[in-house]
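Working notes, beginning with the structure itself.
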Amino acid sequence: MQNLYNDVAKLLEKDERFFADKKILKNIVTEAALKLDAALLNLLLNNDQIKEHFFMKTASALVFDQDKFVKFINNKEFLPNSFTSFKNYIGLTSDEEYIKENGKVVLAWPYKDCVLEGGQDKEDVKRNEIFYNEILAPDEIDRLFEEKVLTNSKKIDKNGEHKVDQLTNKDSLIIKGNNLLALHCLKKKYRGQVKLIYIDPPYNTDNDDFHYNDSFNHSTWLTFMKNRLQAAKELLKPDGAIFVQIDYKEIGYLTVLMDEIFGRENKVQLISVKTASPAGFKTVNPGPIDVTEYVLFYTKSKKEFAFKKAYVPVEYDKNYNLYVEKNADINKWEFIPIVEKVLQDNGFKTTKEAKEKFGQLWNEVLPVLVSKFAFANAGNVVSVRDPHKPTEKVKELMEKSKKNGDKVIAQQREDGSVMYIYKGGALSFYSNKIKEIDGKPEVTELLTDFWSHISWAGIANEGGVRLKNGKKPEKLVKQIIELSTEPGDLVLDYHLGSGTTTAVAHKMGRRYIGIEQLDYGDNDSVVRLKEVIGGEQSGISKAVNWKGGGSFVYLELKKWNEEYMKVIQAAKNGKELTGIYKKMQAEAFFRYKVDLSKFDQKDFEKLALDEQKKVLLECLDKNHLYINYSDIDDATYKVSTEDKKINQLFYGN
């Protein structure tokens, strides 16, 4: 048998689709076998032993034993299955050895080579409900990632909803449906076109919407993230970036996973975001109070990405403590301590006189007076500090200035600007710290990897929508969009939720694609975007001078087995489920492993309602949750002429 293993491996090595890094890509080989890939079959037919083992002779032809080959490929002796190899272990491995034996880090876990299909069906799910999330092994996947039929299309603008007559890459999209499958639907039209991906996925905590009834909850979450990140990466432009928000519970594993998918060399930063204050109920928690979330920032290619400087508002910097009376002759510049100058401008001759007037309030009044004065006179307020990377000439002048009393030395830089040297340092003018932010001048500093400048207070009603968990301030998304895009760029969020990302992108003149499976009712992203188009003034609206307008196109993935998922979960009794099963027999797609002849109605009726639901859910083939675009003309699915037109516009054929 070992010779057969070796022969198959050597054959597969000849096709670069099936072999990489000295390993067989068993998922791809399995999918190719299930699709009867011609190139794969020709390879197998080139070896007599392999041909004899996997092909059956009939009177007039050779028949490929598909099931036998798939089982062979996934045999743990041939190529260890990630679930069986790591059944009870979640850890960091390299070349199937744990990192204590090897320094090259790769994240490994049960189900790593599998696909976690599906998401939650409503926002307030509980752990004891029935879910249709399912781990699909490679041999269970054949048509899952094919393009799906789009339906219920409409264009929405300030005048309401309209029929979609044309569809271009300039249109923004909201897509309702499974986000993994929707990402694969976008590949042909949007591959390499997305400038920014921002996602705020479920955090895998007891408080979010990733509740999965499985002993490997951590593993299913990693699989869930991996499947979607890999698909999303293909949509990014070469100079694109992705920002993923997460809390401390999964940050370590997510970092290694993203290193693996996007390349460790393309990691830009781990940004810490202060999201709360240590007050109220949080103070009862043991240990340090949790007030921080994290944003992982990666590029598609750090060499291609154009990094931009960003600034944030700050309070008055006390280091700017001198006021300079300027003169055309720099030798006559006069330096006055800023507090002394503030006292003079407010009619006080001495500090004592000011203290007598304000009494105990003086210590509160003085900082306010100084801050306002420094801002109003920024061109004359300075600090003396060490220059950045001084040349030998500058160092020489700095030494000279120490013996030069109150005289200023002017030194022209290579870029034509002038450096003023004074008492062993360089003058830094307060005016250099003032930048325009959101249409008004602010004292600023460069953006760092710790973001405490964004308020999370009062965001519950932004956009007119309310969510119990996970809503992010529009200012946070604005900061990320400003950092990584320009007007007209395409932004993607495939965990859209209430639509914060698309609302901000719309107001900032970016195109966008938002994907969401959950139905939030009155708090849905479509409801929010209608408000945005109408000119609502919450969030960042005033900062960006938003007046309303614009449009977007709404689309849905057309359901098939997904409809049965929904009615099964909603069923209230066994009689209702029996009726659903009978309808499934006529219309639904069952998994190929399901033998309907063995379905015993009496045994089924003896099961508890939850168990009956699980049985029916597991019978359905997850490759057919939605209707494949390749089947659009099949009369079985009754796809309308209007839907056919929008699909032709979207897919281009």
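In the structure tokens, chains take letters A, B, ... by order of appearance, with residues numbered from 1 within each chain and ligands from 1 in the order shown.
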
Considering only C-alpha atoms, return as a PyMOL selection string whatever protein or nucleic-acid residues lie within 7 Å of Ala410 (chain A), sequence-local ones (same chain, fewer than 5 positions apart) excluded. chain A and resi 418-421

List as a list of chain:residue names the protein and nucleic acid residues near Phe450 (chain A), meaning an atom at most 10 Å away when only C-alpha atoms are counted, but skip any in the same chain fewer than 5 places from it.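 These residues fall inside the cut-off: A:Leu270, A:Ile271, A:Ser272, A:Val273, A:Lys274, A:Thr292, A:Tyr294.
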
Write the selection just made, keeping N, CA and C atoms, as a compact mmCIF listing (two decimals), in the first residue's frame?
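So result_26.txt came out as:
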```txt
# COMPACT_ATOMS: atom_id res chain seq x y z
N LEU A 270 -0.56 46.44 16.01
CA LEU A 270 -1.64 46.03 16.90
C LEU A 270 -2.07 47.30 17.64
N ILE A 271 -3.26 47.78 17.32
CA ILE A 271 -3.75 49.03 17.88
C ILE A 271 -4.62 48.72 19.10
N SER A 272 -4.35 49.40 20.19
CA SER A 272 -5.16 49.27 21.40
C SER A 272 -6.16 50.42 21.44
N VAL A 273 -7.42 50.09 21.65
CA VAL A 273 -8.49 51.10 21.65
C VAL A 273 -9.14 51.12 23.03
N LYS A 274 -9.12 52.27 23.67
CA LYS A 274 -9.79 52.41 24.96
C LYS A 274 -11.28 52.55 24.71
N THR A 292 -10.25 47.76 27.21
CA THR A 292 -9.52 47.85 25.95
C THR A 292 -9.97 46.79 24.96
N TYR A 294 -8.87 45.61 20.67
CA TYR A 294 -7.69 45.66 19.82
C TYR A 294 -8.09 45.63 18.35
```

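Straight-line separation from CA of Glu147 (chain A) to CA of Ile627 (chain A): 8.6 Å.
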
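Take CA of Thr151 (chain A) and CA of Glu556 (chain A): the distance between them is 5.2 Å.
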
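Across A:Glu474, A:Glu334, A:Asp157, A:Glu396, the tightest approach to Tyr554 (chain A) is made by A:Asp157 when counting only C-alpha atoms.
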
Write down as a PyMOL selection string the residues of region 429-532 of chain A whose backbone DSSP state falls under helix (DSSP H, G or I). chain A and resi 430-433+462-464+474-484+500-507+521-523+525-532

From A:Leu476, A:Leu40, A:Leu34, A:Ile246, residue lying nearest Gln66 (chain A) [only C-alpha atoms]: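 Result for the nearest residue to Gln66 (chain A): A:Leu34.
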
Determine which residues of region 400-556 of chain A receive a DSSP assignment of strand (DSSP E or B), computed from the backbone, and state them as a PyMOL selection string. chain A and resi 409-412+418-422+425-429+434-437+440-446+450-451+490-493+511-516+552-556

Near Gly534 (chain A), counting only C-alpha atoms, which residues have an atom at most 7 Å away, once you skip same-chain residues fewer than 4 positions from it, shown as JSON, numbers by chain? {"A": [158, 530, 548, 549]}

Just the residues within 12 Å of Leu229 (chain A), please, counting only C-alpha atoms, with nothing from its chain fewer than 4 positions along; format it as a CSV table (one decimal) with all heavy atoms, in the first residue's frame.
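The new file selection-v9.csv reads:
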```
chain,number,residue,atom,x,y,z
A,179,ASN,N,-22.2,35.2,4.7
A,179,ASN,CA,-21.0,36.0,4.3
A,179,ASN,C,-19.9,35.2,3.6
A,179,ASN,O,-19.2,35.7,2.7
A,179,ASN,CB,-20.5,36.9,5.5
A,179,ASN,CG,-20.0,36.0,6.7
A,179,ASN,OD1,-20.0,34.8,6.6
A,179,ASN,ND2,-19.6,36.7,7.7
A,180,LEU,N,-19.7,34.0,4.0
A,180,LEU,CA,-18.6,33.2,3.4
A,180,LEU,C,-19.0,33.0,1.9
A,180,LEU,O,-18.2,33.1,1.0
A,180,LEU,CB,-18.5,31.8,4.1
A,180,LEU,CG,-17.5,30.9,3.4
A,180,LEU,CD1,-16.1,31.4,3.4
A,180,LEU,CD2,-17.5,29.5,4.2
A,183,LEU,N,-18.8,36.2,-0.1
A,183,LEU,CA,-17.4,36.6,-0.5
A,183,LEU,C,-17.0,35.9,-1.7
A,183,LEU,O,-16.3,36.5,-2.6
A,183,LEU,CB,-16.5,36.3,0.7
A,183,LEU,CG,-16.6,37.2,1.9
A,183,LEU,CD1,-15.8,36.7,3.1
A,183,LEU,CD2,-16.0,38.6,1.5
A,184,HIS,N,-17.3,34.6,-1.9
A,184,HIS,CA,-16.9,33.9,-3.0
A,184,HIS,C,-17.7,34.3,-4.3
A,184,HIS,O,-17.2,34.3,-5.4
A,184,HIS,CB,-17.2,32.4,-2.8
A,184,HIS,CG,-16.1,31.7,-2.0
A,184,HIS,ND1,-14.9,31.3,-2.5
A,184,HIS,CD2,-16.1,31.5,-0.6
A,184,HIS,CE1,-14.2,30.8,-1.5
A,184,HIS,NE2,-14.8,30.9,-0.4
A,197,ILE,N,-10.6,46.5,4.1
A,197,ILE,CA,-11.5,45.7,4.8
A,197,ILE,C,-11.5,46.0,6.2
A,197,ILE,O,-10.4,46.0,6.8
A,197,ILE,CB,-11.2,44.2,4.6
A,197,ILE,CG1,-11.2,43.8,3.1
A,197,ILE,CG2,-12.1,43.3,5.4
A,197,ILE,CD1,-10.7,42.4,2.8
A,198,TYR,N,-12.6,46.3,6.8
A,198,TYR,CA,-12.8,46.5,8.2
A,198,TYR,C,-13.8,45.5,8.7
A,198,TYR,O,-15.0,45.6,8.2
A,198,TYR,CB,-13.1,47.9,8.7
A,198,TYR,CG,-13.6,48.0,10.1
A,198,TYR,CD1,-12.6,47.9,11.1
A,198,TYR,CD2,-14.9,48.1,10.5
A,198,TYR,CE1,-13.0,48.0,12.5
A,198,TYR,CE2,-15.3,48.1,11.8
A,198,TYR,CZ,-14.3,48.1,12.8
A,198,TYR,OH,-14.7,48.1,14.1
A,199,ILE,N,-13.5,44.7,9.7
A,199,ILE,CA,-14.5,43.8,10.2
A,199,ILE,C,-14.5,43.8,11.8
A,199,ILE,O,-13.4,44.0,12.4
A,199,ILE,CB,-14.4,42.3,9.7
A,199,ILE,CG1,-13.0,41.8,10.0
A,199,ILE,CG2,-14.7,42.2,8.3
A,199,ILE,CD1,-12.9,40.3,9.8
A,201,PRO,N,-15.8,41.1,13.9
A,201,PRO,CA,-16.5,39.8,13.9
A,201,PRO,C,-16.9,39.4,15.3
A,201,PRO,O,-16.5,40.1,16.3
A,201,PRO,CB,-15.3,38.9,13.4
A,201,PRO,CG,-14.1,39.5,13.9
A,201,PRO,CD,-14.4,41.0,13.8
A,222,LEU,N,-11.9,29.6,15.1
A,222,LEU,CA,-10.7,29.8,14.3
A,222,LEU,C,-11.0,29.4,12.8
A,222,LEU,O,-10.6,30.1,11.9
A,222,LEU,CB,-9.6,29.0,14.8
A,222,LEU,CG,-8.9,29.5,16.1
A,222,LEU,CD1,-7.9,28.5,16.7
A,222,LEU,CD2,-8.1,30.8,15.8
A,223,THR,N,-11.8,28.3,12.7
A,223,THR,CA,-12.1,27.9,11.3
A,223,THR,C,-13.0,28.9,10.7
A,223,THR,O,-12.9,29.2,9.5
A,223,THR,CB,-12.9,26.5,11.4
A,223,THR,OG1,-12.0,25.5,12.0
A,223,THR,CG2,-13.2,26.0,10.0
A,224,PHE,N,-14.0,29.4,11.4
A,224,PHE,CA,-14.9,30.4,10.9
A,224,PHE,C,-14.2,31.6,10.4
A,224,PHE,O,-14.4,32.1,9.3
A,224,PHE,CB,-15.8,30.8,12.1
A,224,PHE,CG,-16.8,31.9,11.9
A,224,PHE,CD1,-18.1,31.7,11.3
A,224,PHE,CD2,-16.4,33.2,12.2
A,224,PHE,CE1,-18.9,32.7,11.1
A,224,PHE,CE2,-17.3,34.3,12.0
A,224,PHE,CZ,-18.6,34.0,11.4
A,225,MET,N,-13.2,32.1,11.2
A,225,MET,CA,-12.4,33.3,10.8
A,225,MET,C,-11.5,32.9,9.6
A,225,MET,O,-11.4,33.7,8.7
A,225,MET,CB,-11.5,33.7,12.0
A,225,MET,CG,-12.3,34.3,13.2
A,225,MET,SD,-13.3,35.8,12.8
A,225,MET,CE,-11.9,36.9,12.4
A,233,LYS,N,-9.1,38.0,1.4
A,233,LYS,CA,-7.8,38.4,1.0
A,233,LYS,C,-7.7,38.6,-0.5
A,233,LYS,O,-7.1,39.5,-1.1
A,233,LYS,CB,-6.7,37.4,1.5
A,233,LYS,CG,-5.3,37.8,1.0
A,233,LYS,CD,-4.3,36.7,1.4
A,233,LYS,CE,-2.9,37.1,0.9
A,233,LYS,NZ,-1.9,36.0,1.3
A,234,GLU,N,-8.4,37.7,-1.3
A,234,GLU,CA,-8.4,37.7,-2.7
A,234,GLU,C,-9.0,39.0,-3.3
A,234,GLU,O,-8.8,39.4,-4.4
A,234,GLU,CB,-9.1,36.5,-3.3
A,234,GLU,CG,-8.4,35.2,-3.0
A,234,GLU,CD,-9.0,34.0,-3.7
A,234,GLU,OE1,-9.3,34.1,-4.8
A,234,GLU,OE2,-9.1,32.9,-3.0
A,235,LEU,N,-9.9,39.6,-2.5
A,235,LEU,CA,-10.6,40.8,-3.0
A,235,LEU,C,-9.7,42.1,-2.7
A,235,LEU,O,-10.0,43.1,-3.4
A,235,LEU,CB,-11.9,41.0,-2.2
A,235,LEU,CG,-12.9,39.8,-2.4
A,235,LEU,CD1,-14.1,40.0,-1.5
A,235,LEU,CD2,-13.3,39.6,-3.8
A,236,LEU,N,-8.7,42.0,-1.9
A,236,LEU,CA,-7.9,43.2,-1.6
A,236,LEU,C,-7.0,43.6,-2.8
A,236,LEU,O,-6.5,42.8,-3.5
A,236,LEU,CB,-7.0,42.9,-0.4
A,236,LEU,CG,-7.6,43.2,1.0
A,236,LEU,CD1,-6.5,42.9,2.0
A,236,LEU,CD2,-8.0,44.6,1.2
A,242,ILE,N,-6.3,45.5,5.7
A,242,ILE,CA,-7.4,44.9,6.5
A,242,ILE,C,-7.2,45.3,8.0
A,242,ILE,O,-6.1,45.2,8.5
A,242,ILE,CB,-7.5,43.4,6.3
A,242,ILE,CG1,-8.7,42.8,7.1
A,242,ILE,CG2,-6.2,42.7,6.6
A,242,ILE,CD1,-9.0,41.4,6.8
A,243,PHE,N,-8.3,45.7,8.6
A,243,PHE,CA,-8.3,46.0,10.0
A,243,PHE,C,-9.4,45.0,10.7
A,243,PHE,O,-10.5,45.0,10.3
A,243,PHE,CB,-8.7,47.4,10.3
A,243,PHE,CG,-7.7,48.4,9.9
A,243,PHE,CD1,-7.5,48.7,8.5
A,243,PHE,CD2,-7.0,49.2,10.8
A,243,PHE,CE1,-6.6,49.7,8.1
A,243,PHE,CE2,-6.1,50.1,10.4
A,243,PHE,CZ,-5.9,50.4,9.1
A,244,VAL,N,-9.0,44.3,11.7
A,244,VAL,CA,-9.9,43.3,12.4
A,244,VAL,C,-9.9,43.7,13.8
A,244,VAL,O,-8.9,43.7,14.5
A,244,VAL,CB,-9.4,41.9,12.2
A,244,VAL,CG1,-10.4,40.9,12.9
A,244,VAL,CG2,-9.3,41.5,10.7
A,254,LEU,N,-5.7,34.9,16.9
A,254,LEU,CA,-6.0,35.6,15.7
A,254,LEU,C,-4.8,36.2,15.0
A,254,LEU,O,-4.6,36.2,13.8
A,254,LEU,CB,-7.0,36.7,16.0
A,254,LEU,CG,-7.5,37.5,14.8
A,254,LEU,CD1,-8.1,36.6,13.7
A,254,LEU,CD2,-8.5,38.6,15.2
A,257,LEU,N,-3.0,33.5,13.2
A,257,LEU,CA,-3.7,33.1,12.0
A,257,LEU,C,-3.6,34.2,10.9
A,257,LEU,O,-3.4,33.8,9.7
A,257,LEU,CB,-5.2,33.0,12.4
A,257,LEU,CG,-6.2,32.7,11.3
A,257,LEU,CD1,-5.9,31.4,10.6
A,257,LEU,CD2,-7.6,32.7,11.8
A,258,MET,N,-3.6,35.4,11.3
A,258,MET,CA,-3.4,36.5,10.2
A,258,MET,C,-2.0,36.5,9.7
A,258,MET,O,-1.8,36.9,8.6
A,258,MET,CB,-3.9,37.8,10.8
A,258,MET,CG,-5.4,37.8,11.0
A,258,MET,SD,-6.1,39.5,11.4
A,258,MET,CE,-5.9,40.3,9.9
A,259,ASP,N,-1.0,36.2,10.6
A,259,ASP,CA,0.4,36.1,10.1
A,259,ASP,C,0.4,35.0,9.0
A,259,ASP,O,1.1,35.2,8.0
A,259,ASP,CB,1.3,35.7,11.3
A,259,ASP,CG,1.7,36.8,12.2
A,259,ASP,OD1,1.4,38.0,11.8
A,259,ASP,OD2,2.3,36.6,13.3
A,260,GLU,N,-0.3,34.0,9.3
A,260,GLU,CA,-0.2,32.8,8.3
A,260,GLU,C,-0.9,33.2,7.0
A,260,GLU,O,-0.4,32.8,5.9
A,260,GLU,CB,-1.0,31.6,9.0
A,260,GLU,CG,-0.8,30.3,8.2
A,260,GLU,CD,-1.4,29.2,9.0
A,260,GLU,OE1,-1.2,29.1,10.2
A,260,GLU,OE2,-2.1,28.3,8.4
A,261,ILE,N,-2.0,33.9,7.1
A,261,ILE,CA,-2.8,34.2,5.9
A,261,ILE,C,-2.2,35.4,5.1
A,261,ILE,O,-2.1,35.4,3.9
A,261,ILE,CB,-4.3,34.5,6.2
A,261,ILE,CG1,-4.9,33.2,6.7
A,261,ILE,CG2,-5.1,35.0,5.0
A,261,ILE,CD1,-6.3,33.4,7.3
A,262,PHE,N,-1.9,36.5,5.8
A,262,PHE,CA,-1.4,37.7,5.2
A,262,PHE,C,0.1,37.9,5.1
A,262,PHE,O,0.6,38.7,4.4
A,262,PHE,CB,-2.1,38.9,5.8
A,262,PHE,CG,-3.5,39.0,5.6
A,262,PHE,CD1,-4.4,38.5,6.5
A,262,PHE,CD2,-4.1,39.6,4.5
A,262,PHE,CE1,-5.8,38.5,6.3
A,262,PHE,CE2,-5.4,39.7,4.2
A,262,PHE,CZ,-6.3,39.1,5.2
A,298,TYR,N,-3.2,44.8,9.0
A,298,TYR,CA,-2.3,44.2,8.1
A,298,TYR,C,-2.5,44.8,6.7
A,298,TYR,O,-3.6,45.3,6.4
A,298,TYR,CB,-2.6,42.7,8.0
A,298,TYR,CG,-2.1,41.8,9.1
A,298,TYR,CD1,-2.7,41.9,10.4
A,298,TYR,CD2,-1.0,41.0,8.9
A,298,TYR,CE1,-2.3,41.1,11.4
A,298,TYR,CE2,-0.6,40.2,10.0
A,298,TYR,CZ,-1.2,40.2,11.2
A,298,TYR,OH,-0.7,39.5,12.3
A,300,LYS,N,-2.1,44.0,2.4
A,300,LYS,CA,-1.9,42.9,1.4
A,300,LYS,C,-0.4,42.8,1.0
A,300,LYS,O,0.1,41.7,0.9
A,300,LYS,CB,-2.7,43.3,0.1
A,300,LYS,CG,-2.7,42.2,-1.0
A,300,LYS,CD,-3.5,41.0,-0.7
A,300,LYS,CE,-3.7,40.1,-1.9
A,300,LYS,NZ,-4.6,40.6,-2.9
A,493,ASP,N,-17.0,45.4,4.4
A,493,ASP,CA,-17.3,44.9,5.7
A,493,ASP,C,-18.2,43.7,5.6
A,493,ASP,O,-19.4,43.9,5.2
A,493,ASP,CB,-17.9,46.0,6.6
A,493,ASP,CG,-18.1,45.5,8.1
A,493,ASP,OD1,-18.0,44.3,8.3
A,493,ASP,OD2,-18.4,46.4,8.9
A,494,TYR,N,-17.7,42.5,5.9
A,494,TYR,CA,-18.6,41.3,5.7
A,494,TYR,C,-19.1,40.8,7.1
A,494,TYR,O,-19.7,39.7,7.1
A,494,TYR,CB,-17.8,40.2,5.0
A,494,TYR,CG,-16.5,39.7,5.5
A,494,TYR,CD1,-16.5,38.7,6.5
A,494,TYR,CD2,-15.3,40.3,5.1
A,494,TYR,CE1,-15.3,38.3,6.9
A,494,TYR,CE2,-14.1,39.8,5.5
A,494,TYR,CZ,-14.1,38.8,6.5
A,494,TYR,OH,-12.9,38.4,7.0
A,495,HIS,N,-19.0,41.6,8.1
A,495,HIS,CA,-19.7,41.4,9.4
A,495,HIS,C,-20.4,42.7,9.7
A,495,HIS,O,-20.2,43.4,10.7
A,495,HIS,CB,-18.8,41.0,10.5
A,495,HIS,CG,-18.2,39.7,10.4
A,495,HIS,ND1,-18.9,38.5,10.7
A,495,HIS,CD2,-16.9,39.2,10.0
A,495,HIS,CE1,-18.1,37.5,10.6
A,495,HIS,NE2,-16.9,37.9,10.1
```

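For region 48-64 of chain A, the set of protein, DNA and RNA residues having any atom at most 8 Å away, when counting only C-alpha atoms and skipping those fewer than 6 positions along the same chain, is Leu4, Asp7 and Val8 of chain A.
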